[in-house]
file query-v4.pdb (PDB, C-alpha atoms)
MODEL        1
ATOM      1  CA  MET X  29     119.845 101.206  96.501
ATOM      2  CA  ASN X  30     121.542 104.489  97.323
ATOM      3  CA  LYS X  31     119.306 107.284  98.531
ATOM      4  CA  LYS X  32     118.873 110.080  96.025
ATOM      5  CA  LEU X  33     120.543 113.339  97.024
ATOM      6  CA  MET X  34     117.327 115.340  97.436
ATOM      7  CA  GLU X  35     114.823 112.587  98.096
ATOM      8  CA  HIS X  36     111.600 113.974  99.629
ATOM      9  CA  GLU X  37     113.234 117.363 100.178
ATOM     10  CA  LEU X  38     111.119 120.442  99.422
ATOM     11  CA  CYS X  39     112.896 122.948  97.168
ATOM     12  CA  VAL X  40     111.891 126.237  95.558
ATOM     13  CA  ILE X  41     113.104 127.141  92.067
ATOM     14  CA  THR X  42     112.141 130.294  90.189
ATOM     15  CA  GLY X  43     112.474 130.829  86.437
ATOM     16  CA  ALA X  44     111.954 127.095  85.957
ATOM     17  CA  SER X  45     110.305 127.242  82.527
ATOM     18  CA  ASN X  46     113.505 127.533  80.530
ATOM     19  CA  GLY X  47     117.258 127.706  80.386
ATOM     20  CA  ILE X  48     119.491 126.961  83.321
ATOM     21  CA  ALA X  49     116.631 127.007  85.826
ATOM     22  CA  ARG X  50     114.758 124.347  83.872
ATOM     23  CA  GLY X  51     117.893 122.217  83.769
ATOM     24  CA  ILE X  52     118.234 122.598  87.532
ATOM     25  CA  ALA X  53     114.591 121.744  88.192
ATOM     26  CA  GLU X  54     114.754 118.636  86.021
ATOM     27  CA  ARG X  55     117.928 117.435  87.741
ATOM     28  CA  PHE X  56     116.440 118.013  91.184
ATOM     29  CA  LEU X  57     113.393 115.979  90.213
ATOM     30  CA  GLU X  58     115.680 113.154  89.083
ATOM     31  CA  GLU X  59     117.296 113.279  92.521
ATOM     32  CA  GLY X  60     113.945 112.896  94.275
ATOM     33  CA  ALA X  61     113.151 116.505  95.237
ATOM     34  CA  ASP X  62     109.646 117.832  95.694
ATOM     35  CA  LEU X  63     109.436 121.203  93.977
ATOM     36  CA  ILE X  64     107.575 124.446  94.114
ATOM     37  CA  VAL X  65     108.319 126.071  90.772
ATOM     38  CA  ALA X  66     107.581 129.648  89.792
ATOM     39  CA  ASP X  67     107.782 131.482  86.503
ATOM     40  CA  TYR X  68     106.110 134.339  84.698
ATOM     41  CA  ASP X  69     105.536 131.919  81.803
ATOM     42  CA  VAL X  70     103.277 129.661  83.821
ATOM     43  CA  GLU X  71     101.743 128.062  80.723
ATOM     44  CA  THR X  72     105.094 126.578  79.735
ATOM     45  CA  ALA X  73     105.735 125.548  83.328
ATOM     46  CA  GLN X  74     102.394 123.709  83.387
ATOM     47  CA  LYS X  75     103.309 121.843  80.198
ATOM     48  CA  ILE X  76     106.670 120.804  81.607
ATOM     49  CA  TYR X  77     105.757 119.978  85.198
ATOM     50  CA  GLY X  78     101.980 119.671  85.366
ATOM     51  CA  GLU X  79     101.894 115.871  85.281
ATOM     52  CA  ASN X  80     104.775 115.327  87.686
ATOM     53  CA  PRO X  81     103.598 114.268  91.163
ATOM     54  CA  GLN X  82     106.820 115.594  92.711
ATOM     55  CA  VAL X  83     105.871 119.127  91.705
ATOM     56  CA  VAL X  84     103.883 120.428  94.654
ATOM     57  CA  ASP X  85     102.854 123.751  93.120
ATOM     58  CA  ILE X  86     103.323 125.756  89.930
ATOM     59  CA  LEU X  87     103.025 129.497  90.407
ATOM     60  CA  LYS X  88     102.745 132.423  88.019
ATOM     61  CA  VAL X  89     105.162 134.963  89.448
ATOM     62  CA  ASP X  90     106.487 138.291  88.291
ATOM     63  CA  ALA X  91     109.814 138.222  90.120
ATOM     64  CA  THR X  92     110.023 142.023  90.136
ATOM     65  CA  LYS X  93     106.933 142.304  92.362
ATOM     66  CA  VAL X  94     107.255 141.488  96.035
ATOM     67  CA  GLU X  95     103.572 140.613  96.307
ATOM     68  CA  ASP X  96     104.121 137.873  93.722
ATOM     69  CA  LEU X  97     107.151 136.550  95.577
ATOM     70  CA  GLU X  98     104.983 136.348  98.686
ATOM     71  CA  LYS X  99     102.893 133.785  96.782
ATOM     72  CA  ILE X 100     105.867 131.453  96.946
ATOM     73  CA  ALA X 101     106.053 131.763 100.725
ATOM     74  CA  GLU X 102     102.307 131.123 100.991
ATOM     75  CA  ALA X 103     102.654 128.009  98.849
ATOM     76  CA  VAL X 104     105.426 126.741 101.123
ATOM     77  CA  LYS X 105     103.374 127.514 104.212
ATOM     78  CA  LYS X 106     100.435 125.499 102.879
ATOM     79  CA  THR X 107     102.619 122.399 102.627
ATOM     80  CA  GLY X 108     103.436 122.511 106.348
ATOM     81  CA  ARG X 109     106.971 121.531 105.430
ATOM     82  CA  ARG X 110     110.423 123.048 105.674
ATOM     83  CA  VAL X 111     112.389 124.103 102.614
ATOM     84  CA  LYS X 112     115.688 122.371 101.964
ATOM     85  CA  ALA X 113     116.880 124.715  99.223
ATOM     86  CA  VAL X 114     115.813 127.926  97.525
ATOM     87  CA  LEU X 115     117.176 128.774  94.095
ATOM     88  CA  PRO X 116     116.078 132.115  92.616
ATOM     89  CA  ILE X 117     117.226 131.680  89.018
ATOM     90  CA  VAL X 118     115.720 134.739  87.342
ATOM     91  CA  GLY X 119     117.781 137.337  85.554
ATOM     92  CA  THR X 120     118.578 139.032  82.285
ATOM     93  CA  GLY X 121     119.466 142.492  81.067
ATOM     94  CA  PRO X 122     119.688 144.800  78.064
ATOM     95  CA  THR X 123     122.701 144.988  75.803
ATOM     96  CA  ASN X 124     123.358 148.700  75.555
ATOM     97  CA  LYS X 125     126.257 151.101  75.572
ATOM     98  CA  ILE X 126     126.463 153.416  78.590
ATOM     99  CA  PRO X 127     124.886 156.478  76.899
ATOM    100  CA  ASP X 128     121.944 154.381  75.677
ATOM    101  CA  VAL X 129     120.860 152.779  78.963
ATOM    102  CA  THR X 130     117.500 154.170  80.068
ATOM    103  CA  PRO X 131     116.327 154.432  83.689
ATOM    104  CA  LYS X 132     113.606 151.906  82.899
ATOM    105  CA  GLU X 133     116.137 149.376  81.592
ATOM    106  CA  PHE X 134     118.422 150.011  84.555
ATOM    107  CA  HIS X 135     115.701 149.390  87.137
ATOM    108  CA  LEU X 136     114.303 146.355  85.316
ATOM    109  CA  THR X 137     117.736 144.722  85.145
ATOM    110  CA  MET X 138     118.379 145.316  88.835
ATOM    111  CA  ASP X 139     114.886 144.120  89.729
ATOM    112  CA  LEU X 140     115.166 140.909  87.720
ATOM    113  CA  ASN X 141     118.608 139.995  88.989
ATOM    114  CA  VAL X 142     119.069 141.518  92.446
ATOM    115  CA  PHE X 143     115.642 142.424  93.826
ATOM    116  CA  SER X 144     114.135 139.085  92.789
ATOM    117  CA  ALA X 145     116.917 137.026  94.348
ATOM    118  CA  PHE X 146     116.910 138.938  97.625
ATOM    119  CA  PHE X 147     113.169 138.995  98.163
ATOM    120  CA  THR X 148     112.635 135.395  97.088
ATOM    121  CA  VAL X 149     115.067 134.368  99.808
ATOM    122  CA  GLN X 150     113.627 136.828 102.331
ATOM    123  CA  LYS X 151     110.080 135.558 101.871
ATOM    124  CA  VAL X 152     111.028 131.868 101.995
ATOM    125  CA  LEU X 153     113.522 132.253 104.841
ATOM    126  CA  PRO X 154     111.019 131.732 107.703
ATOM    127  CA  TYR X 155     110.251 128.284 106.291
ATOM    128  CA  MET X 156     113.803 127.088 105.743
ATOM    129  CA  SER X 157     115.168 124.222 107.767
ATOM    130  CA  GLU X 158     118.468 123.881 109.525
ATOM    131  CA  LYS X 159     121.108 122.542 107.145
ATOM    132  CA  SER X 160     119.311 124.125 104.231
ATOM    133  CA  ALA X 161     120.815 126.038 101.329
ATOM    134  CA  ILE X 162     120.502 129.123  99.172
ATOM    135  CA  VAL X 163     121.945 128.885  95.666
ATOM    136  CA  LEU X 164     122.140 132.106  93.656
ATOM    137  CA  LEU X 165     122.922 132.414  89.966
ATOM    138  CA  SER X 166     125.511 135.048  89.179
ATOM    139  CA  SER X 167     127.638 135.115  86.016
ATOM    140  CA  ILE X 168     131.217 135.561  84.946
ATOM    141  CA  ALA X 169     129.909 138.965  83.798
ATOM    142  CA  GLY X 170     129.835 139.895  87.482
ATOM    143  CA  PHE X 171     133.634 140.037  87.674
ATOM    144  CA  GLN X 172     134.746 140.085  84.072
ATOM    145  CA  GLY X 173     133.220 143.389  83.026
ATOM    146  CA  GLY X 174     132.986 143.949  79.307
ATOM    147  CA  SER X 175     131.349 146.504  77.063
ATOM    148  CA  ASN X 176     127.651 147.046  76.338
ATOM    149  CA  ASN X 177     126.477 145.187  79.459
ATOM    150  CA  ILE X 178     127.336 147.518  82.308
ATOM    151  CA  VAL X 179     124.050 147.253  84.198
ATOM    152  CA  TYR X 180     123.815 143.473  83.862
ATOM    153  CA  ASN X 181     127.456 143.120  84.909
ATOM    154  CA  ALA X 182     126.838 145.259  87.984
ATOM    155  CA  ALA X 183     123.703 143.312  88.862
ATOM    156  CA  LYS X 184     125.513 139.986  88.712
ATOM    157  CA  ALA X 185     128.334 141.403  90.849
ATOM    158  CA  ALA X 186     125.675 142.296  93.423
ATOM    159  CA  VAL X 187     124.352 138.732  93.331
ATOM    160  CA  ARG X 188     127.854 137.386  94.055
ATOM    161  CA  SER X 189     128.144 139.753  97.010
ATOM    162  CA  MET X 190     124.693 138.857  98.265
ATOM    163  CA  ALA X 191     125.565 135.165  98.428
ATOM    164  CA  ARG X 192     128.488 135.963 100.733
ATOM    165  CA  SER X 193     126.317 138.226 102.878
ATOM    166  CA  PHE X 194     123.576 135.616 103.185
ATOM    167  CA  ALA X 195     126.256 133.113 104.182
ATOM    168  CA  GLY X 196     127.619 135.345 106.914
ATOM    169  CA  GLU X 197     124.303 136.322 108.417
ATOM    170  CA  LEU X 198     122.549 132.951 108.244
ATOM    171  CA  ALA X 199     125.349 130.598 109.320
ATOM    172  CA  CYS X 200     124.043 130.716 112.888
ATOM    173  CA  ARG X 201     120.866 129.055 111.625
ATOM    174  CA  GLY X 202     122.778 126.368 109.756
ATOM    175  CA  ILE X 203     121.791 127.866 106.403
ATOM    176  CA  ARG X 204     124.446 127.888 103.703
ATOM    177  CA  ALA X 205     124.544 130.290 100.743
ATOM    178  CA  ASN X 206     126.632 130.050  97.601
ATOM    179  CA  ALA X 207     126.678 131.393  94.058
ATOM    180  CA  ILE X 208     127.289 129.860  90.665
ATOM    181  CA  SER X 209     128.836 132.003  87.941
ATOM    182  CA  PRO X 210     128.324 130.340  84.576
ATOM    183  CA  GLY X 211     130.068 131.327  81.401
ATOM    184  CA  PRO X 212     128.476 130.908  77.953
ATOM    185  CA  THR X 213     125.648 128.399  78.371
ATOM    186  CA  GLU X 214     123.359 126.899  75.748
ATOM    187  CA  THR X 215     120.106 128.726  76.467
ATOM    188  CA  LYS X 216     117.617 130.857  74.575
ATOM    189  CA  GLY X 217     119.201 133.921  76.176
ATOM    190  CA  PHE X 218     122.643 132.973  74.868
ATOM    191  CA  THR X 219     121.280 132.383  71.374
ATOM    192  CA  GLU X 220     119.661 135.813  71.442
ATOM    193  CA  PHE X 221     122.874 137.360  72.794
ATOM    194  CA  ILE X 222     124.850 136.174  69.770
ATOM    195  CA  ASN X 223     121.945 136.946  67.419
ATOM    196  CA  GLU X 224     121.948 133.326  66.224
ATOM    197  CA  ASN X 225     125.279 134.044  64.573
ATOM    198  CA  ASP X 226     127.343 130.890  63.989
ATOM    199  CA  GLU X 227     130.504 132.896  63.486
ATOM    200  CA  ALA X 228     130.041 134.553  66.882
ATOM    201  CA  ARG X 229     129.331 131.158  68.466
ATOM    202  CA  ASN X 230     132.450 129.616  66.966
ATOM    203  CA  GLY X 231     134.518 132.601  68.079
ATOM    204  CA  ILE X 232     133.356 132.066  71.660
ATOM    205  CA  ILE X 233     134.020 128.333  71.515
ATOM    206  CA  ALA X 234     137.538 129.048  70.257
ATOM    207  CA  ASN X 235     138.163 130.898  73.525
ATOM    208  CA  ILE X 236     136.859 128.136  75.803
ATOM    209  CA  PRO X 237     139.672 125.723  76.728
ATOM    210  CA  LEU X 238     137.240 122.823  77.219
ATOM    211  CA  GLY X 239     135.995 123.417  73.693
ATOM    212  CA  HIS X 240     132.217 123.675  74.041
ATOM    213  CA  ILE X 241     129.396 125.935  75.133
ATOM    214  CA  GLY X 242     128.137 124.910  78.567
ATOM    215  CA  GLN X 243     124.936 122.905  78.868
ATOM    216  CA  PRO X 244     122.247 123.652  81.457
ATOM    217  CA  LYS X 245     122.721 120.154  82.863
ATOM    218  CA  GLU X 246     126.346 120.996  83.645
ATOM    219  CA  ILE X 247     125.275 123.994  85.712
ATOM    220  CA  ALA X 248     122.501 121.918  87.270
ATOM    221  CA  ALA X 249     125.038 119.411  88.585
ATOM    222  CA  ILE X 250     126.783 122.209  90.487
ATOM    223  CA  ALA X 251     123.496 123.551  91.836
ATOM    224  CA  LEU X 252     122.579 120.065  93.045
ATOM    225  CA  PHE X 253     125.883 119.703  94.880
ATOM    226  CA  LEU X 254     125.615 123.116  96.545
ATOM    227  CA  ALA X 255     122.000 122.536  97.597
ATOM    228  CA  SER X 256     122.625 119.066  98.996
ATOM    229  CA  ASP X 257     124.289 117.852 102.166
ATOM    230  CA  GLU X 258     127.275 116.847 100.023
ATOM    231  CA  ALA X 259     128.272 120.531 100.315
ATOM    232  CA  SER X 260     127.692 120.724 104.066
ATOM    233  CA  TYR X 261     130.984 122.593 104.641
ATOM    234  CA  VAL X 262     130.651 124.974 101.702
ATOM    235  CA  THR X 263     129.203 128.443 102.240
ATOM    236  CA  GLY X 264     130.000 131.914 100.969
ATOM    237  CA  ALA X 265     131.617 130.395  97.895
ATOM    238  CA  GLU X 266     131.372 131.122  94.198
ATOM    239  CA  VAL X 267     131.706 128.304  91.684
ATOM    240  CA  ILE X 268     132.844 129.469  88.256
ATOM    241  CA  ALA X 269     131.533 127.181  85.529
ATOM    242  CA  ASP X 270     132.825 128.517  82.237
ATOM    243  CA  GLY X 271     134.939 125.780  80.674
ATOM    244  CA  GLY X 272     138.045 127.794  81.514
ATOM    245  CA  PHE X 273     136.878 130.852  79.544
ATOM    246  CA  THR X 274     138.104 133.341  82.170
ATOM    247  CA  ASN X 275     141.250 131.322  82.920
ATOM    248  CA  ARG X 276     142.701 131.282  79.429
TER     249      ARG X 276
ENDMDL
END
call {"tool": "encode", "arguments": {"input": "query-v4.pdb", "output": "structure tokens"}}
result
Amino acid sequence: MNKKLMEHELCVITGASNGIARGIAERFLEEGADLIVADYDVETAQKIYGENPQVVDILKVDATKVEDLEKIAEAVKKTGRRVKAVLPIVGTGPTNKIPDVTPKEFHLTMDLNVFSAFFTVQKVLPYMSEKSAIVLLSSIAGFQGGSNNIVYNAAKAAVRSMARSFAGELACRGIRANAISPGPTETKGFTEFINENDEARNGIIANIPLGHIGQPKEIAAIALFLASDEASYVTGAEVIADGGFTNR
């Protein structure tokens, strides 16, 4: 029997209660990983992962507070193990025109997307092994631009840049860092973005050459590759997963 890609490897995934992060966590579990999962919605996380013996710890974390992110590092420390991969998959933002963005919305969007990713990695970094990996979640919004999402777009551009900077600084430790930039993906956030409007959904699909909205499992497959030793020569890269949406 072939060894699973992440068998007995300790990984950290934030935002694991829903959406893309949940898809990633479930795929990692299928591939034998032991997980520390963190989410503000810890009740849902408990329902999903509470009975799974591969889930080492389930933490309630507000990813905009560094003291909460330190809980993740403490949980890793208690295991006495080294982390194979850290995946901070938290991030959203308001849909507002430039004149309507408030300072509160601006800071929250940057905190959820940029602050949370950086400080999750920073706090877990002392416990990462050689040949380990950082996988960040950016978005095609980070290079595509577009109206009504300026702060979110800027935040995701920062996440793309941060992956390259992590890669450059941590290569000497054998730690790789890469980013995934999904396009439209079938999540609660996407449904809210289109206001549950079938016409809007169909209009988006019409502009995707592969002809469908992405599924979390499709993004999870990329995350698994980047986190595993299969991607041992890949660092500082960005994988665009959008069905050809930005290549049309």
call {"tool": "residues_around", "arguments": {"input": "query-v4.pdb", "residues": "Asp96 of chain X", "least_positions_apart": "4", "cutoff": "12 Å", "atoms": "only C-alpha atoms", "output": "short mmCIF file (atom, residue, chain, number, x, y, z; two decimals) with C-alpha atoms, keeping the file's coordinate frame"}}
result
data_model
loop_
_atom_site.label_atom_id
_atom_site.label_comp_id
_atom_site.auth_asym_id
_atom_site.auth_seq_id
_atom_site.Cartn_x
_atom_site.Cartn_y
_atom_site.Cartn_z
CA THR X 42 112.14 130.29 90.19
CA ALA X 66 107.58 129.65 89.79
CA ASP X 67 107.78 131.48 86.50
CA TYR X 68 106.11 134.34 84.70
CA LEU X 87 103.02 129.50 90.41
CA LYS X 88 102.74 132.42 88.02
CA VAL X 89 105.16 134.96 89.45
CA ASP X 90 106.49 138.29 88.29
CA ALA X 91 109.81 138.22 90.12
CA THR X 92 110.02 142.02 90.14
CA ILE X 100 105.87 131.45 96.95
CA ALA X 101 106.05 131.76 100.72
CA GLU X 102 102.31 131.12 100.99
CA ALA X 103 102.65 128.01 98.85
CA SER X 144 114.14 139.08 92.79
CA PHE X 147 113.17 139.00 98.16
CA THR X 148 112.64 135.40 97.09
CA LYS X 151 110.08 135.56 101.87
#
call {"tool": "residues_around", "arguments": {"input": "query-v4.pdb", "residues": "Arg192 of chain X", "least_positions_apart": "5", "cutoff": "9 Å", "atoms": "all atoms listed in the file", "output": "compact mmCIF listing (two decimals) with C-alpha atoms, keeping the file's coordinate frame"}}
result
# COMPACT_ATOMS: atom_id res chain seq x y z
CA VAL X 187 124.35 138.73 93.33
CA GLU X 197 124.30 136.32 108.42
CA ALA X 205 124.54 130.29 100.74
CA ASN X 206 126.63 130.05 97.60
CA ALA X 207 126.68 131.39 94.06
CA THR X 263 129.20 128.44 102.24
CA GLY X 264 130.00 131.91 100.97
CA ALA X 265 131.62 130.40 97.90
CA GLU X 266 131.37 131.12 94.20
call {"tool": "closest_residue", "arguments": {"input": "query-v4.pdb", "among": "X:Pro122, X:Pro116, X:Ser45, X:Ile250", "to": "Gln74 of chain X", "atoms": "all atoms listed in the file"}}
result
X:Ser45
call {"tool": "closest_residue", "arguments": {"input": "query-v4.pdb", "among": "X:Glu133, X:Gln243, X:Thr120, X:Gly202", "to": "Ser157 of chain X", "atoms": "only C-alpha atoms"}}
result
X:Gly202
call {"tool": "atom_distance", "arguments": {"input": "query-v4.pdb", "atom1": "atom CA of Ala53 of chain X", "atom2": "atom CA of Leu252 of chain X"}}
result
9.5 Å
call {"tool": "residues_around", "arguments": {"input": "query-v4.pdb", "residues": "Asp139 of chain X", "least_positions_apart": "2", "cutoff": "9 Å", "atoms": "only C-alpha atoms", "output": "compact mmCIF listing (two decimals) with C-alpha atoms, in the frame of the given file"}}
result
# COMPACT_ATOMS: atom_id res chain seq x y z
CA ALA X 91 109.81 138.22 90.12
CA THR X 92 110.02 142.02 90.14
CA LYS X 93 106.93 142.30 92.36
CA GLY X 119 117.78 137.34 85.55
CA PHE X 134 118.42 150.01 84.56
CA HIS X 135 115.70 149.39 87.14
CA LEU X 136 114.30 146.35 85.32
CA THR X 137 117.74 144.72 85.14
CA ASN X 141 118.61 140.00 88.99
CA VAL X 142 119.07 141.52 92.45
CA PHE X 143 115.64 142.42 93.83
CA SER X 144 114.14 139.08 92.79
CA ALA X 145 116.92 137.03 94.35
CA ALA X 183 123.70 143.31 88.86
call {"tool": "resolve_selection", "arguments": {"input": "query-v4.pdb", "expression": "the PyMOL selection byres ((chain X and resi 236) around 8)", "output": "ChimeraX atom specification"}}
result
/X:232-235,237-241,270-273,276
call {"tool": "write_last_selection", "arguments": {"input": "query-v4.pdb", "atoms": "C-alpha atoms", "output": "JSON list (two decimals), in the coordinates of the input"}}
result
[["chain", "number", "residue", "atom", "x", "y", "z"],
["X", 232, "ILE", "CA", 133.36, 132.07, 71.66],
["X", 233, "ILE", "CA", 134.02, 128.33, 71.52],
["X", 234, "ALA", "CA", 137.54, 129.05, 70.26],
["X", 235, "ASN", "CA", 138.16, 130.90, 73.53],
["X", 237, "PRO", "CA", 139.67, 125.72, 76.73],
["X", 238, "LEU", "CA", 137.24, 122.82, 77.22],
["X", 239, "GLY", "CA", 136.00, 123.42, 73.69],
["X", 240, "HIS", "CA", 132.22, 123.68, 74.04],
["X", 241, "ILE", "CA", 129.40, 125.94, 75.13],
["X", 270, "ASP", "CA", 132.82, 128.52, 82.24],
["X", 271, "GLY", "CA", 134.94, 125.78, 80.67],
["X", 272, "GLY", "CA", 138.04, 127.79, 81.51],
["X", 273, "PHE", "CA", 136.88, 130.85, 79.54],
["X", 276, "ARG", "CA", 142.70, 131.28, 79.43]]
call {"tool": "atom_distance", "arguments": {"input": "query-v4.pdb", "atom1": "atom CA of Pro154 of chain X", "atom2": "atom CA of Ile117 of chain X"}}
result
19.7 Å
call {"tool": "resolve_selection", "arguments": {"input": "query-v4.pdb", "expression": "the PyMOL selection byres ((chain X and resi 113-115) around 9)", "output": "ChimeraX atom specification"}}
result
/X:37-42,49,111-112,116-117,145,148-149,152-153,156-157,160-165,251,255-256
call {"tool": "closest_residue", "arguments": {"input": "query-v4.pdb", "among": "X:Phe146, X:Tyr77, X:Phe218, X:Phe56", "to": "Val118 of chain X", "atoms": "all atoms listed in the file"}}
result
X:Phe146
